[in-house]
file entry_13.cif (mmCIF, C-alpha atoms and all ligand atoms)
data_run
loop_
_atom_site.label_atom_id
_atom_site.label_comp_id
_atom_site.auth_asym_id
_atom_site.auth_seq_id
_atom_site.Cartn_x
_atom_site.Cartn_y
_atom_site.Cartn_z
CA MET Q 157 100.17 49.24 42.96
CA ALA Q 158 101.81 52.53 43.99
CA GLY Q 159 102.18 54.70 47.07
CA ILE Q 160 103.68 57.95 48.30
CA TYR Q 161 105.73 58.21 51.50
CA ILE Q 162 106.23 61.66 53.03
CA HIS Q 163 108.97 62.14 55.60
CA ILE Q 164 108.37 64.88 58.19
CA PRO Q 165 111.72 65.25 59.96
CA TYR Q 166 110.63 67.16 63.08
CA CYS Q 167 110.37 65.85 66.65
CA ARG Q 168 109.82 67.53 70.02
CA GLN Q 169 112.78 65.72 71.50
CA LYS Q 170 114.94 62.84 70.41
CA CYS Q 171 114.03 59.42 71.82
CA HIS Q 172 117.08 57.57 73.14
CA TYR Q 173 116.74 54.62 70.73
CA CYS Q 174 115.95 56.60 67.58
CA ASN Q 175 118.11 56.31 64.47
CA PHE Q 176 115.62 57.82 62.01
CA PHE Q 177 116.41 61.11 60.34
CA SER Q 178 114.60 63.44 62.72
CA LEU Q 179 115.60 66.68 64.39
CA ALA Q 180 114.42 68.30 67.60
CA THR Q 181 114.23 71.69 65.90
CA GLY Q 182 111.67 74.00 64.33
CA ARG Q 183 114.11 75.14 61.63
CA HIS Q 184 112.47 75.71 58.23
CA ARG Q 185 109.17 74.34 59.54
CA GLU Q 186 107.17 77.18 57.97
CA ILE Q 187 108.55 76.58 54.50
CA PHE Q 188 108.92 72.80 54.75
CA PRO Q 189 105.41 71.96 53.38
CA GLN Q 190 106.11 74.07 50.28
CA ALA Q 191 109.45 72.28 49.85
CA LEU Q 192 107.57 68.96 49.86
CA ILE Q 193 105.20 70.17 47.19
CA SER Q 194 108.07 71.52 45.09
CA GLU Q 195 109.70 68.12 45.29
CA ALA Q 196 106.43 66.38 44.35
CA ILE Q 197 106.13 68.63 41.28
CA SER Q 198 109.72 68.00 40.18
CA ARG Q 199 109.40 64.22 40.61
CA ARG Q 200 105.81 63.65 39.54
CA GLU Q 201 106.86 61.41 36.62
CA TYR Q 202 108.65 58.92 38.87
CA LEU Q 203 105.56 56.72 39.32
CA GLU Q 204 104.90 56.83 35.56
CA GLY Q 205 101.21 57.65 35.93
CA GLU Q 206 100.38 54.72 38.23
CA THR Q 207 97.34 55.17 40.42
CA VAL Q 208 98.33 55.99 44.00
CA GLN Q 209 96.59 53.72 46.47
CA THR Q 210 98.34 54.73 49.67
CA ILE Q 211 99.89 57.86 51.16
CA TYR Q 212 101.88 57.62 54.37
CA PHE Q 213 103.04 60.55 56.49
CA GLY Q 214 105.95 59.21 58.53
CA GLY Q 215 108.90 60.68 60.32
CA GLY Q 216 109.86 62.23 62.59
CA THR Q 217 106.55 63.33 63.99
CA PRO Q 218 104.07 64.29 61.25
CA SER Q 219 101.49 65.35 63.86
CA LEU Q 220 103.75 68.33 64.64
CA LEU Q 221 102.42 69.84 61.40
CA GLY Q 222 99.01 71.50 61.72
CA ALA Q 223 96.04 69.47 60.50
CA GLU Q 224 95.27 72.22 57.94
CA VAL Q 225 98.80 71.88 56.57
CA ILE Q 226 98.39 68.11 56.26
CA GLY Q 227 95.08 68.67 54.45
CA GLU Q 228 96.72 71.17 52.09
CA ILE Q 229 99.58 68.76 51.24
CA ILE Q 230 97.04 66.02 50.43
CA SER Q 231 95.02 68.34 48.28
CA ARG Q 232 98.12 69.40 46.29
CA LEU Q 233 99.11 65.76 45.85
CA SER Q 234 95.65 64.97 44.53
CA GLU Q 235 96.21 67.58 41.80
CA LEU Q 236 99.58 66.11 40.86
CA PHE Q 237 98.86 62.36 41.06
CA ASP Q 238 96.02 60.04 40.19
CA LEU Q 239 94.78 59.14 43.68
CA ASP Q 240 92.58 56.09 44.01
CA ALA Q 241 89.06 57.00 45.20
CA ASP Q 242 89.62 54.60 48.10
CA VAL Q 243 93.17 55.82 48.88
CA GLU Q 244 94.51 54.85 52.33
CA ILE Q 245 96.09 57.92 53.96
CA THR Q 246 98.01 57.22 57.18
CA LEU Q 247 99.42 59.79 59.55
CA GLU Q 248 101.93 58.81 62.22
CA ALA Q 249 101.11 60.74 65.37
CA ASN Q 250 102.49 61.08 68.83
CA PRO Q 251 99.97 60.88 71.70
CA ASP Q 252 100.82 64.33 73.06
CA ASP Q 253 99.72 65.99 69.79
CA LEU Q 254 96.31 64.34 69.65
CA ASP Q 255 94.10 66.71 71.59
CA GLU Q 256 90.45 66.98 70.65
CA ALA Q 257 90.84 70.15 68.57
CA TYR Q 258 93.66 68.63 66.51
CA LEU Q 259 91.77 65.38 65.94
CA LYS Q 260 88.61 67.19 64.88
CA GLN Q 261 90.53 69.29 62.39
CA LEU Q 262 92.34 66.20 61.11
CA ALA Q 263 89.01 64.42 60.62
CA LYS Q 264 88.11 67.11 58.06
CA THR Q 265 91.07 66.05 55.86
CA ARG Q 266 91.35 62.83 53.83
CA VAL Q 267 93.54 61.19 56.51
CA ASN Q 268 91.69 57.95 57.23
CA ARG Q 269 94.22 55.97 59.27
CA LEU Q 270 96.19 56.98 62.36
CA SER Q 271 99.32 55.24 63.55
CA ILE Q 272 99.89 56.32 67.16
CA GLY Q 273 103.38 56.00 68.64
CA ILE Q 274 102.39 54.65 72.07
CA GLN Q 275 105.46 52.40 72.69
CA SER Q 276 104.27 51.62 76.24
CA PHE Q 277 101.34 52.52 78.49
CA ARG Q 278 103.75 52.77 81.46
CA ASP Q 279 105.63 55.91 82.52
CA GLU Q 280 108.69 53.97 83.64
CA ASP Q 281 109.30 52.51 80.19
CA LEU Q 282 108.54 55.79 78.44
CA HIS Q 283 111.07 57.49 80.68
CA TYR Q 284 113.72 54.88 79.82
CA LEU Q 285 113.03 55.50 76.11
CA ASN Q 286 113.00 59.31 76.59
CA ARG Q 287 109.55 59.64 75.04
CA VAL Q 288 107.77 62.98 75.49
CA HIS Q 289 104.41 61.54 76.52
CA GLY Q 290 103.24 59.62 79.59
CA GLY Q 291 101.22 56.41 79.92
CA GLN Q 292 97.91 58.23 80.51
CA ASP Q 293 98.45 60.43 77.42
CA ALA Q 294 98.97 57.24 75.43
CA LEU Q 295 95.72 55.68 76.53
CA GLN Q 296 93.65 58.82 76.26
CA SER Q 297 94.93 59.71 72.79
CA VAL Q 298 93.59 56.43 71.40
CA GLN Q 299 90.26 56.85 73.18
CA ARG Q 300 89.92 60.44 71.87
CA ALA Q 301 90.78 59.40 68.31
CA LYS Q 302 88.02 56.79 68.47
CA GLU Q 303 85.52 59.28 69.89
CA VAL Q 304 86.26 61.75 67.11
CA GLY Q 305 85.48 59.00 64.60
CA PHE Q 306 88.82 57.55 63.44
CA GLN Q 307 88.05 53.87 62.99
CA ASN Q 308 91.22 52.72 61.30
CA LEU Q 309 93.74 52.97 64.12
CA THR Q 310 97.01 51.23 64.82
CA VAL Q 311 99.49 51.68 67.65
CA ASP Q 312 103.19 50.91 68.07
CA LEU Q 313 104.43 49.08 71.14
CA ILE Q 314 108.02 48.23 72.09
CA TYR Q 315 109.08 45.13 74.01
CA GLY Q 316 112.45 44.18 75.46
CA ILE Q 317 112.72 47.46 77.41
CA PRO Q 318 114.77 46.68 80.55
CA THR Q 319 112.14 48.35 82.77
CA LEU Q 320 109.39 46.20 81.27
CA ASN Q 321 109.21 42.79 82.96
CA HIS Q 322 107.09 40.00 81.51
CA GLU Q 323 104.12 40.80 83.71
CA ALA Q 324 104.21 44.44 82.64
CA TRP Q 325 104.48 43.42 78.98
CA ASN Q 326 101.38 41.26 79.44
CA GLN Q 327 99.63 44.26 81.01
CA ASN Q 328 100.56 46.46 78.04
CA LEU Q 329 99.05 43.82 75.76
CA ASP Q 330 95.93 43.63 77.98
CA THR Q 331 95.53 47.39 77.60
CA PHE Q 332 95.95 47.12 73.84
CA PHE Q 333 93.29 44.40 73.57
CA ALA Q 334 90.91 46.38 75.80
CA LEU Q 335 91.11 49.28 73.32
CA GLY Q 336 89.53 47.05 70.65
CA LEU Q 337 91.90 48.01 67.83
CA ALA Q 338 92.42 45.87 64.74
CA HIS Q 339 96.14 46.49 64.12
CA LEU Q 340 99.35 46.48 66.16
CA SER Q 341 102.99 47.10 65.24
CA ALA Q 342 105.30 45.70 67.92
CA TYR Q 343 109.05 46.18 67.80
CA ALA Q 344 111.92 44.75 69.78
CA LEU Q 345 114.01 47.47 71.39
CA THR Q 346 117.31 47.45 69.54
CA VAL Q 347 120.40 49.41 70.40
CA GLU Q 348 121.50 51.06 67.17
CA PRO Q 349 125.06 52.34 66.95
CA LYS Q 350 125.60 56.03 67.71
CA THR Q 351 122.19 56.51 69.34
CA ALA Q 352 121.82 58.05 72.81
CA LEU Q 353 120.75 54.61 74.04
CA ASP Q 354 124.01 53.10 72.82
CA HIS Q 355 125.98 55.87 74.50
CA LEU Q 356 124.08 55.77 77.81
CA ILE Q 357 124.35 51.99 78.07
CA SER Q 358 128.06 52.07 77.36
CA LYS Q 359 128.47 54.76 80.08
CA ARG Q 360 126.45 52.51 82.46
CA LYS Q 361 123.80 55.20 82.85
CA LEU Q 362 121.04 52.94 81.53
CA THR Q 363 120.45 49.22 82.02
CA PRO Q 364 121.48 47.20 78.95
CA VAL Q 365 118.94 45.41 76.79
CA ASP Q 366 118.74 41.69 77.50
CA GLU Q 367 118.34 39.41 74.47
CA VAL Q 368 116.73 36.59 76.45
CA GLN Q 369 114.11 38.98 77.84
CA THR Q 370 113.43 40.27 74.32
CA ALA Q 371 113.08 36.76 72.88
CA THR Q 372 110.71 35.67 75.67
CA GLN Q 373 108.58 38.77 75.23
CA PHE Q 374 108.43 38.12 71.48
CA GLU Q 375 107.09 34.63 72.24
CA ILE Q 376 104.53 36.09 74.66
CA LEU Q 377 103.50 38.50 71.93
CA LEU Q 378 103.08 35.76 69.30
CA ASN Q 379 101.02 33.56 71.61
CA ARG Q 380 98.73 36.28 72.82
CA MET Q 381 98.12 37.83 69.41
CA GLU Q 382 97.28 34.43 67.96
CA LYS Q 383 94.87 33.65 70.81
CA GLU Q 384 93.13 36.98 70.20
CA GLY Q 385 92.63 36.18 66.50
CA PHE Q 386 95.24 38.48 64.97
CA VAL Q 387 97.17 37.46 61.86
CA HIS Q 388 100.94 37.84 62.19
CA TYR Q 389 101.33 39.13 58.64
CA GLU Q 390 104.84 40.58 58.98
CA ILE Q 391 107.52 40.16 61.67
CA SER Q 392 106.49 43.34 63.49
CA ASN Q 393 102.87 43.60 62.39
CA PHE Q 394 99.61 41.99 63.47
CA ALA Q 395 96.12 42.65 62.15
CA ARG Q 396 92.64 41.28 62.27
CA PRO Q 397 91.73 39.89 58.83
CA GLY Q 398 91.04 42.72 56.39
CA HIS Q 399 92.93 45.32 58.46
CA TYR Q 400 96.45 44.97 57.08
CA SER Q 401 98.36 48.20 56.47
CA ARG Q 402 98.02 48.70 52.72
CA HIS Q 403 101.04 51.00 52.65
CA ASN Q 404 103.42 48.62 54.39
CA SER Q 405 102.06 45.67 52.41
CA LEU Q 406 102.99 47.61 49.29
CA TYR Q 407 106.64 47.70 50.41
CA TRP Q 408 106.66 44.00 51.26
CA LEU Q 409 104.95 42.92 48.05
CA GLY Q 410 107.32 44.85 45.77
CA GLY Q 411 104.97 47.76 44.94
CA HIS Q 412 106.28 51.10 43.67
CA TYR Q 413 106.55 54.19 45.81
CA LEU Q 414 107.75 57.76 45.66
CA GLY Q 415 109.43 59.04 48.82
CA LEU Q 416 109.19 62.78 49.46
CA GLY Q 417 111.15 64.64 52.13
CA PRO Q 418 114.70 64.40 53.48
CA SER Q 419 116.09 60.84 53.73
CA ALA Q 420 113.03 59.36 51.97
CA HIS Q 421 113.54 56.37 49.64
CA SER Q 422 111.81 55.74 46.33
CA PHE Q 423 111.45 52.62 44.21
CA ASN Q 424 109.73 52.21 40.86
CA GLY Q 425 110.63 48.63 39.97
CA ARG Q 426 113.80 49.59 38.11
CA THR Q 427 115.55 52.22 40.19
CA ARG Q 428 115.95 52.95 43.84
CA GLN Q 429 116.64 56.51 44.97
CA TRP Q 430 117.58 58.12 48.27
CA ASN Q 431 116.97 61.74 49.20
CA VAL Q 432 119.55 63.76 51.09
CA ALA Q 433 119.32 63.37 54.87
CA ARG Q 434 120.03 67.06 55.50
CA LEU Q 435 117.30 69.56 56.18
CA ASP Q 436 119.03 72.70 54.81
CA GLN Q 437 120.08 70.98 51.62
CA TYR Q 438 116.65 69.45 51.17
CA VAL Q 439 114.78 72.72 51.58
CA SER Q 440 117.07 74.60 49.20
CA GLY Q 441 117.09 71.87 46.54
CA SER Q 442 113.51 70.63 46.68
CA ALA Q 443 112.38 72.27 43.45
CA THR Q 444 114.95 70.26 41.52
CA GLU Q 445 116.06 66.66 41.37
CA GLY Q 446 118.92 67.94 43.56
CA VAL Q 447 117.26 66.44 46.62
CA VAL Q 448 118.02 62.97 45.30
CA GLN Q 449 121.40 62.08 46.69
CA GLU Q 450 121.81 58.68 45.13
CA LYS Q 451 120.18 56.64 42.39
CA GLU Q 452 120.83 53.06 41.53
CA VAL Q 453 119.55 50.86 38.77
CA LEU Q 454 118.97 47.52 40.46
CA THR Q 455 120.55 44.38 39.07
CA ILE Q 456 118.60 41.10 38.99
CA THR Q 457 120.66 39.89 41.97
CA GLN Q 458 119.87 43.01 44.02
CA ARG Q 459 116.18 42.65 43.23
CA TYR Q 460 116.31 38.97 44.21
CA ASN Q 461 118.01 39.79 47.52
CA GLU Q 462 115.46 42.45 48.22
CA TYR Q 463 112.62 40.03 47.48
CA ILE Q 464 114.14 37.50 49.93
CA LEU Q 465 114.55 40.13 52.66
CA THR Q 466 110.99 41.40 52.43
CA SER Q 467 109.04 38.25 51.53
CA LEU Q 468 110.56 36.06 54.22
CA ARG Q 469 109.28 38.46 56.90
CA THR Q 470 105.67 38.12 55.76
CA SER Q 471 102.85 35.63 56.17
CA TRP Q 472 102.78 35.25 52.36
CA GLY Q 473 106.27 33.73 52.54
CA THR Q 474 108.91 33.42 49.83
CA ASP Q 475 107.48 32.01 46.62
CA LEU Q 476 109.86 29.78 44.64
CA GLU Q 477 107.64 30.01 41.56
CA HIS Q 478 107.78 33.78 41.69
CA ILE Q 479 111.59 33.60 41.96
CA SER Q 480 111.74 31.27 38.97
CA SER Q 481 109.50 33.41 36.77
CA VAL Q 482 110.96 36.81 37.73
CA PHE Q 483 114.63 36.08 38.44
CA GLY Q 484 115.16 32.80 36.54
CA ALA Q 485 115.12 29.06 37.31
CA GLY Q 486 118.79 29.21 38.42
CA MET Q 487 117.87 31.65 41.22
CA ALA Q 488 115.02 29.40 42.40
CA GLU Q 489 117.45 26.45 42.53
CA PHE Q 490 119.99 28.59 44.39
CA CYS Q 491 117.33 29.64 46.91
CA LEU Q 492 116.14 26.09 47.51
CA LYS Q 493 119.71 24.92 48.08
CA SER Q 494 120.68 27.74 50.42
CA VAL Q 495 117.54 27.34 52.50
CA GLN Q 496 118.17 23.65 53.37
CA PRO Q 497 120.30 24.22 56.53
CA PHE Q 498 117.58 26.49 57.92
CA ILE Q 499 114.91 23.87 57.21
CA HIS Q 500 116.99 21.26 59.07
CA GLN Q 501 117.47 23.65 62.02
CA GLY Q 502 113.70 24.22 62.23
CA ASN Q 503 113.93 27.91 61.32
CA ILE Q 504 112.13 27.64 57.97
CA VAL Q 505 109.38 25.34 56.68
CA GLN Q 506 108.52 24.65 53.07
CA THR Q 507 104.85 24.31 52.15
CA GLY Q 508 104.40 23.60 48.45
CA ASN Q 509 106.36 26.23 46.60
CA ARG Q 510 106.55 28.62 49.51
CA LEU Q 511 109.04 29.07 52.32
CA PHE Q 512 108.00 30.42 55.71
CA LEU Q 513 109.87 31.33 58.88
CA THR Q 514 108.87 29.24 61.90
CA ALA Q 515 108.23 30.94 65.26
CA LYS Q 516 111.87 30.16 66.15
CA GLY Q 517 113.11 31.47 62.79
CA LYS Q 518 111.23 34.75 63.24
CA LEU Q 519 113.62 35.64 66.04
CA PHE Q 520 116.49 35.67 63.54
CA ALA Q 521 114.66 36.88 60.44
CA ASP Q 522 117.17 39.41 59.15
CA GLY Q 523 120.20 37.17 59.77
CA ILE Q 524 118.55 34.23 57.99
CA ALA Q 525 117.55 36.40 55.03
CA ALA Q 526 121.13 37.72 54.75
CA SER Q 527 122.42 34.12 54.64
CA LEU Q 528 120.16 33.44 51.65
CA PHE Q 529 121.38 36.41 49.62
CA ALA Q 530 123.00 35.74 46.26
CA ASP Q 531 126.28 37.23 45.06
CA GLU Q 532 126.37 38.97 41.70
CA ALA Q 533 128.13 35.94 40.17
CA VAL Q 534 125.18 33.51 40.76
S1 LIG Q 601 109.28 60.36 67.91
FE1 LIG Q 601 109.94 58.75 66.49
S2 LIG Q 601 111.20 59.80 64.95
FE2 LIG Q 601 110.99 61.20 66.73
S3 LIG Q 601 112.80 60.85 67.97
FE3 LIG Q 601 111.18 59.50 68.76
S4 LIG Q 601 111.44 57.56 67.65
FE4 LIG Q 601 112.60 59.12 66.55
#

call {"tool": "encode", "arguments": {"input": "entry_13.cif", "output": "structure tokens"}}
result
Amino acid sequence: MAGIYIHIPYCRQKCHYCNFFSLATGRHREIFPQALISEAISRREYLEGETVQTIYFGGGTPSLLGAEVIGEIISRLSELFDLDADVEITLEANPDDLDEAYLKQLAKTRVNRLSIGIQSFRDEDLHYLNRVHGGQDALQSVQRAKEVGFQNLTVDLIYGIPTLNHEAWNQNLDTFFALGLAHLSAYALTVEPKTALDHLISKRKLTPVDEVQTATQFEILLNRMEKEGFVHYEISNFARPGHYSRHNSLYWLGGHYLGLGPSAHSFNGRTRQWNVARLDQYVSGSATEGVVQEKEVLTITQRYNEYILTSLRTSWGTDLEHISSVFGAGMAEFCLKSVQPFIHQGNIVQTGNRLFLTAKGKLFADGIAASLFADEAV
């Protein structure tokens, strides 16, 4: 199971909450696609000939690249890698880029899944977040994508925005359900250090995020998605059966992936690598392994910790048998012991050999996973 992630680092403007590597600039945009291909050529052995089942254009805002350019990148990748005939190719897109002409051109490429960064259908929330688009753009972009023939669509929504009361959050969910889509990614608004949001809140120019509001809206989300027949297959992801994101599932199930573009990560089961998060350096070094800033050969303990972090967030849960067979019986015993306090607190349940977060535990997923991590000495 292997995939390719492609990081497009350009955005029209920086959203207040964003801590991804993305720049509101057009610098090097003309030569950037060629830099990606040069990197793909220089690192084509990384996946060791595995068939590529998913390609994901993320960012940044990949829809700022022309549809022809996206098509050309895919066609070059198909010459360099063994792409599965049924490969899932996702493009993250912002609503303001998805006019009819763009969508029609995109439909001629092998992109078969669109992930649209809606965040909210309400202008007030979008203004708080400093998004470029408005609520109407958000709605119409999804409708247009459907009309042009994209059937595999997902949208992102954000809850916990101070301008979004519970009633408005319910309305955003109503709008989502009315669109008839089979996948939703929903994220809690978090204030990451050094972001504009962090700065503006500390200067009292924006209302702070309220944890109780966020937790209540998460509960609303869980209840409503369940009632509508969606599977909560990862903390932030919901799908109708058979509509899971194959690319994200690959990350959560330990699959291998090559990350192309500045700041992209790669993992092939033995090593993890990080590309430089600098545009100039990336573009000038892309034809060599120079774009890789850091490589690490993972120890058993690191791989175990990573498995805990990803598996606990999913509906497949953490499998004690898997831990025993891959990391050793001692690790399975360690896991079972360290999980007991969370079982007593009602944050985790054990069913057979698997451990799952409860609805209450899902609110603290990352903190619980970190408490289950092993030290190198275990
Ligand atoms: S569009 Fe996405 S990547 Fe770009 S600034 Fe906004 S959140 Fe960040």

call {"tool": "residues_around", "arguments": {"input": "entry_13.cif", "residues": "stretch 188-200 of chain Q", "least_positions_apart": "5", "cutoff": "6 Å", "atoms": "all atoms listed in the file", "output": "PyMOL selection string"}}
result
chain Q and resi 439+442-444

call {"tool": "axis_aligned_box", "arguments": {"input": "entry_13.cif", "around": "ligand LIG 601 (chain Q)", "padding_each_side": "3 Å", "output": "JSON"}}
result
{"center_x": 111.0, "center_y": 59.4, "center_z": 66.9, "size_x": 9.5, "size_y": 9.6, "size_z": 9.8}

call {"tool": "closest_residue", "arguments": {"input": "entry_13.cif", "among": "Q:Tyr166, Q:Asp238, Q:Phe213, Q:Met157", "to": "Q:Ser405", "atoms": "only C-alpha atoms"}}
result
Q:Met157

call {"tool": "atom_distance", "arguments": {"input": "entry_13.cif", "atom1": "atom CA of Q:Leu221", "atom2": "atom CA of Q:Leu270"}}
result
14.3 Å

call {"tool": "atom_distance", "arguments": {"input": "entry_13.cif", "atom1": "atom CA of Q:Cys491", "atom2": "atom CA of Q:Phe394"}}
result
27.2 Å

call {"tool": "residues_around", "arguments": {"input": "entry_13.cif", "residues": "stretch 315-321 of chain Q", "least_positions_apart": "2", "cutoff": "9 Å", "atoms": "only C-alpha atoms", "output": "MDAnalysis selection string"}}
result
chainID Q and resid 275:276 278 280:281 284:285 313 323:326 342:346 362:374 377

call {"tool": "closest_atom_pairs", "arguments": {"input": "entry_13.cif", "of": "chain Q", "to": "ligand LIG 601 (chain Q)", "cutoff": "10 Å", "atoms": "only C-alpha atoms and all ligand atoms", "output": "tab-separated table"}}
result
residue	atom	partner	partner_atom	distance
Q:His163	CA	Q:LIG601	S2	9.9
Q:Ile164	CA	Q:LIG601	S2	8.9
Q:Pro165	CA	Q:LIG601	S2	7.4
Q:Tyr166	CA	Q:LIG601	FE2	7.0
Q:Cys167	CA	Q:LIG601	FE2	4.7
Q:Arg168	CA	Q:LIG601	FE2	7.2
Q:Gln169	CA	Q:LIG601	S3	6.0
Q:Lys170	CA	Q:LIG601	S3	3.8
Q:Cys171	CA	Q:LIG601	FE3	4.2
Q:His172	CA	Q:LIG601	S3	7.5
Q:Tyr173	CA	Q:LIG601	S4	6.8
Q:Cys174	CA	Q:LIG601	FE4	4.3
Q:Asn175	CA	Q:LIG601	FE4	6.5
Q:Phe176	CA	Q:LIG601	FE4	5.6
Q:Phe177	CA	Q:LIG601	S2	7.1
Q:Ser178	CA	Q:LIG601	S2	5.5
Q:Leu179	CA	Q:LIG601	S3	7.4
Q:Ala180	CA	Q:LIG601	S3	7.6
Q:Gly214	CA	Q:LIG601	S2	8.3
Q:Gly215	CA	Q:LIG601	S2	5.2
Q:Gly216	CA	Q:LIG601	S2	3.6
Q:Thr217	CA	Q:LIG601	S1	5.6
Q:Pro218	CA	Q:LIG601	S2	9.2
Q:Glu248	CA	Q:LIG601	FE1	9.1
Q:Ala249	CA	Q:LIG601	S1	8.6
Q:Asn250	CA	Q:LIG601	S1	6.9
Q:Gly273	CA	Q:LIG601	S1	7.4
Q:Ile274	CA	Q:LIG601	S1	9.9
Q:Gln275	CA	Q:LIG601	S4	9.4
Q:Leu285	CA	Q:LIG601	FE3	8.6
Q:Asn286	CA	Q:LIG601	FE3	8.0
Q:Arg287	CA	Q:LIG601	FE3	6.5
Q:Val288	CA	Q:LIG601	S1	8.2
Q:His289	CA	Q:LIG601	S1	10.0

call {"tool": "residues_around", "arguments": {"input": "entry_13.cif", "residues": "Q:Asn268", "least_positions_apart": "2", "cutoff": "9 Å", "atoms": "all atoms listed in the file", "output": "short mmCIF file (atom, residue, chain, number, x, y, z; two decimals) with C-alpha atoms, keeping the file's coordinate frame"}}
result
data_model
loop_
_atom_site.label_atom_id
_atom_site.label_comp_id
_atom_site.auth_asym_id
_atom_site.auth_seq_id
_atom_site.Cartn_x
_atom_site.Cartn_y
_atom_site.Cartn_z
CA VAL Q 243 93.17 55.82 48.88
CA GLU Q 244 94.51 54.85 52.33
CA ILE Q 245 96.09 57.92 53.96
CA THR Q 246 98.01 57.22 57.18
CA LEU Q 247 99.42 59.79 59.55
CA ALA Q 263 89.01 64.42 60.62
CA THR Q 265 91.07 66.05 55.86
CA ARG Q 266 91.35 62.83 53.83
CA LEU Q 270 96.19 56.98 62.36
CA PHE Q 306 88.82 57.55 63.44
CA GLN Q 307 88.05 53.87 62.99
CA ASN Q 308 91.22 52.72 61.30
CA LEU Q 309 93.74 52.97 64.12
#

call {"tool": "atom_distance", "arguments": {"input": "entry_13.cif", "atom1": "atom CA of Q:Phe332", "atom2": "atom CA of Q:Ile391"}}
result
18.2 Å

call {"tool": "closest_residue", "arguments": {"input": "entry_13.cif", "among": "Q:Gln296, Q:Ser219, Q:Ser422, Q:Ser231", "to": "Q:Leu203", "atoms": "all atoms listed in the file"}}
result
Q:Ser422

call {"tool": "residues_around", "arguments": {"input": "entry_13.cif", "residues": "Q:Gly410", "least_positions_apart": "6", "cutoff": "9 Å", "atoms": "only C-alpha atoms", "output": "VMD selection string"}}
result
chain Q and resid 157 423 425 462 to 463 466 to 467

call {"tool": "residues_around", "arguments": {"input": "entry_13.cif", "residues": "Q:Gly159", "least_positions_apart": "2", "cutoff": "8 Å", "atoms": "all atoms listed in the file", "output": "PyMOL selection string"}}
result
chain Q and resi 157+161+208-212+403+406+411-414

call {"tool": "residues_near_point", "arguments": {"input": "entry_13.cif", "point": "(123.4, 56.9, 81.7)", "cutoff": "6 Å", "atoms": "all atoms listed in the file", "output": "ChimeraX atom specification"}}
result
/Q:356,359-362

call {"tool": "closest_residue", "arguments": {"input": "entry_13.cif", "among": "Q:Asp436, Q:Glu382, Q:Glu201, Q:Asp312", "to": "Q:Phe237", "atoms": "all atoms listed in the file"}}
result
Q:Glu201

call {"tool": "closest_residue", "arguments": {"input": "entry_13.cif", "among": "Q:Val447, Q:Ala301, Q:Ala525, Q:Ala338", "to": "Q:Pro397", "atoms": "all atoms listed in the file"}}
result
Q:Ala338

call {"tool": "residues_near_point", "arguments": {"input": "entry_13.cif", "point": "(108.2, 61.3, 52.4)", "cutoff": "6 Å", "atoms": "all atoms listed in the file", "output": "list in words"}}
result
Tyr161, Ile162, His163, Gly415, Leu416, Gly417 and Ala420 of chain Q

call {"tool": "decode", "arguments": {"input": "entry_13.cif", "residues": "stretch 259-287 of chain Q", "atoms": "C-alpha atoms", "output": "compact mmCIF listing (two decimals), in the first residue's frame"}}
result
# COMPACT_ATOMS: atom_id res chain seq x y z
CA LEU Q 259 -13.68 22.40 -13.05
CA LYS Q 260 -14.26 21.35 -16.66
CA GLN Q 261 -10.55 21.44 -17.37
CA LEU Q 262 -9.83 19.53 -14.17
CA ALA Q 263 -12.37 16.87 -15.16
CA LYS Q 264 -10.17 16.09 -18.18
CA THR Q 265 -7.29 15.07 -15.86
CA ARG Q 266 -7.11 11.93 -13.71
CA VAL Q 267 -8.13 13.87 -10.57
CA ASN Q 268 -11.11 11.89 -9.30
CA ARG Q 269 -11.65 13.31 -5.82
CA LEU Q 270 -11.99 16.93 -4.69
CA SER Q 271 -11.49 18.10 -1.13
CA ILE Q 272 -13.03 21.57 -0.87
CA GLY Q 273 -11.91 23.88 1.94
CA ILE Q 274 -15.32 25.26 2.90
CA GLN Q 275 -14.70 25.71 6.68
CA SER Q 276 -18.09 27.42 7.11
CA PHE Q 277 -21.06 28.40 4.95
CA ARG Q 278 -21.36 31.69 6.91
CA ASP Q 279 -19.56 34.94 6.05
CA GLU Q 280 -19.13 35.92 9.70
CA ASP Q 281 -17.10 32.82 10.52
CA LEU Q 282 -15.09 33.03 7.31
CA HIS Q 283 -14.24 36.62 8.15
CA TYR Q 284 -13.06 35.61 11.64
CA LEU Q 285 -10.83 32.95 10.05
CA ASN Q 286 -9.60 35.37 7.34
CA ARG Q 287 -10.65 33.04 4.54
